[in-house]
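Here's the structure we're looking at; comments come further down.
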Amino acid sequence: MSDEPLLSLPLRALETVSRPHFLMPAGAWDMHVHVFGPADRYAHVAKPHYTLPDGTLAQYRRLMPQIGVERFVLVQPSYYGTDNACLLDTLLEVGDQARGVVMMDPEVGDAELNRFHRCGVGAVRLDLFKRAREPLAAIKGYIAETAARVRPLGWHLQFYAPGYVVRDLIPFFRTLQIDFVIDHMGYMLEEDGLRSEDFSALLDLLGCGHCYLKLSGAYRIAKHRGYEFVEPVAKAIVERAPDRAVWGSDWPHISYSDRDTGELVNLLGRWAPTESARRKILVENPKRLFGLP
């Protein structure tokens with residue numbers, strides 16, 4: 001495998017982005033957005049997996065009325081690691097229009113966590129791709145320690161993890177006494193050896209009272225097979241627990257910059273065909289996760 005970072009390409013032209021084929025509910029949230037700032041202002045990690053993406057706050061704000069969202073969640077990208085400066089500056093600029101999900105070092109102090117909270121942060125992202133080769137006990141310990149740090153703030157956990165790690169953690173997830181979101185519908189890929197019974201166990205996890213699944217990353221799951229491959233997965237989540245699903249665009253679609261974000265919105269229209277389900281996914285569930293009225 002090459003050590004060279006992936007070359008980030010320019011974003012799709014705004015005028016070519018599709019508009020929703022259905023009426024988006026007032027106050028709709030995009031629960032998964034990455035924002036990047038100037039290279040001379042924000043430092044990236046030592047060996048990023050990709051070059052600085054095209055994805056500024058100004059660009060995303062121009063996109064929002066095109067796709068019908070009014071609020072969004074900034075998710076810390078791996079490009080910046082645990083240096084959340086760009087995310088925090090963006091939150092301070094947009095105010096109540098957004099909330100944040102940071103990445104943090106285990107030794108971060110309480111004063112720093114409280115500063116994050118005052119800026120509008122409401123969750124922490126746990127990148128389990130980086131820990132996928134660790135013993136399961138070590139991963140569980142990392143999760144438990146992180147939960148203990150952020151629970152007093154009323155935050156939730158967000159997991160970015162390969163599907164086989166999600167599968168192995170399902171019994172442990174049932175014991176968590178904190179809300180958590182699993183990105184990209186659990187990222188359960190057939191090529192990783194995942195089976196239908198593993199996804200069934202993930203669906204059952206939605207009944208534990210704390211689990212949410214994010215309807216995001218359809219192109220990551222589909223790979224070269226098309227969105228029809230993802231549709232049964234997404235529909236099963238919505239049918240099982242529309243009050244435990246949220247939607248995110250994953251903008252600016254790092255390594256997939258030519259993606260039509262409006263097309264991703266319209267996929268949600270197929271997965272959640274009723275207005276009531278879409279309102280839960282796009283408005284009510286995000287507000288509940290971030291403790292908003």
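Following the order of the structure tokens, chains are lettered A, B, ..., residues in each are numbered from 1, and ligands are numbered from 1.
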
Listing only residues of range 110-166 of chain A within 9 Å of range 271-290 of chain A, what is the closest atom pair and its distance in Å (to one decimal) for each, using only C-alpha atoms, sorted by chain and residue number ascending, as a Markdown table?
| residue | atom | partner | partner_atom | distance |
| --- | --- | --- | --- | --- |
| A:Val121 | CA | A:Phe290 | CA | 8.9 |
| A:Gly122 | CA | A:Phe290 | CA | 6.0 |
| A:Ala123 | CA | A:Phe290 | CA | 8.1 |
| A:Gly154 | CA | A:Phe290 | CA | 8.2 |
| A:Trp155 | CA | A:Phe290 | CA | 7.3 |
| A:His156 | CA | A:Leu289 | CA | 7.2 |

Output C-alpha atoms for every residue in that selection, as a PDB file, in the first residue's frame.
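Final output, again_16.pdb:
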ATOM      1  CA  VAL A 121     -19.685  20.378  21.678  1.00  0.00           C
ATOM      2  CA  GLY A 122     -22.047  17.593  22.697  1.00  0.00           C
ATOM      3  CA  ALA A 123     -20.261  14.348  21.824  1.00  0.00           C
ATOM      4  CA  GLY A 154     -24.449  15.093  29.077  1.00  0.00           C
ATOM      5  CA  TRP A 155     -22.504  14.190  25.941  1.00  0.00           C
ATOM      6  CA  HIS A 156     -22.988  11.073  23.835  1.00  0.00           C
TER       7      HIS A 156
END

Can you tell me which residues surround range 94-104 of chain A at a distance of at most 7 Å, considering only C-alpha atoms, apart from same-chain residues fewer than 2 positions away, and format the answer as a ChimeraX atom specification? /A:71-76,81-82,84,90-92,106,108,120-126

Would you mind writing down, as a PyMOL selection string, each residue of range 151-182 of chain A that DSSP on the backbone assigns to helix (DSSP H, G or I)? chain A and resi 151-153+163-173

Counting only C-alpha atoms, which residues of range 95-208 of chain A sit at most 10 Å from some atom of range 246-252 of chain A, and what is each one's closest atom pair with its distance in Å to one decimal, listed by chain and rising residue number, as JSON lines?
{"residue": "A:Val181", "atom": "CA", "partner": "A:Val246", "partner_atom": "CA", "distance": 8.7}
{"residue": "A:Ile182", "atom": "CA", "partner": "A:Val246", "partner_atom": "CA", "distance": 10.0}
{"residue": "A:Asp183", "atom": "CA", "partner": "A:Gly248", "partner_atom": "CA", "distance": 9.0}
{"residue": "A:His184", "atom": "CA", "partner": "A:Gly248", "partner_atom": "CA", "distance": 8.8}
{"residue": "A:Met185", "atom": "CA", "partner": "A:Val246", "partner_atom": "CA", "distance": 9.8}

Check the smallest atom-to-atom distance from each of A:Tyr50, A:Phe22, A:Phe129, A:Phe36 to Ile254 in chain A using only C-alpha atoms, then report the winner.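 Residue with the minimum atom-to-atom distance to Ile254 in chain A: A:Tyr50.
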
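Take the candidates A:Ser257, A:His32, A:Ala222, A:Gly291 and check each one against Leu6 in chain A using only C-alpha atoms; the shortest distance goes to A:Ser257.
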
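Of the residues in range 1-167 of chain A, those given strand (DSSP E) by DSSP on the backbone are Trp29, Asp30, Met31, His32, Val33, Arg71, Phe72, Val73, Leu74, Val75, Ala98, Arg99, Gly100, Val101, Val102, Val121, Gly122, Ala123, Val124, Arg125, Leu126, Asp127, His156, Leu157, Gln158, Phe159 and Tyr160 of chain A.
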
Neighbours of Leu206 in chain A within 8 Å (only C-alpha atoms; same-chain residues fewer than 5 positions away dropped), as a list in words?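 Once the nearby chain positions are removed, what remains is Cys211, Tyr212, Leu213, Ala241 and Arg244 of chain A.
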
Can you write out the residues you just picked, keeping N, CA and C atoms, as a PDB file, in the first residue's frame?
ATOM      1  N   CYS A 211     -28.846   3.246  21.910  1.00  0.00           N
ATOM      2  CA  CYS A 211     -28.193   3.145  20.605  1.00  0.00           C
ATOM      3  C   CYS A 211     -28.953   3.903  19.517  1.00  0.00           C
ATOM      4  N   TYR A 212     -28.188   4.631  18.689  1.00  0.00           N
ATOM      5  CA  TYR A 212     -28.704   5.253  17.470  1.00  0.00           C
ATOM      6  C   TYR A 212     -27.819   4.788  16.308  1.00  0.00           C
ATOM      7  N   LEU A 213     -28.410   4.613  15.144  1.00  0.00           N
ATOM      8  CA  LEU A 213     -27.646   4.295  13.945  1.00  0.00           C
ATOM      9  C   LEU A 213     -27.741   5.466  12.979  1.00  0.00           C
ATOM     10  N   ALA A 241     -36.770   1.080  13.984  1.00  0.00           N
ATOM     11  CA  ALA A 241     -36.737   2.109  15.035  1.00  0.00           C
ATOM     12  C   ALA A 241     -36.502   3.495  14.435  1.00  0.00           C
ATOM     13  N   ARG A 244     -34.699   5.978  16.489  1.00  0.00           N
ATOM     14  CA  ARG A 244     -33.310   5.687  16.842  1.00  0.00           C
ATOM     15  C   ARG A 244     -32.400   5.793  15.624  1.00  0.00           C
TER      16      ARG A 244
END

To one decimal place in Å, what is the distance between CA of Ala234 in chain A and CA of Leu215 in chain A? 6.7 Å
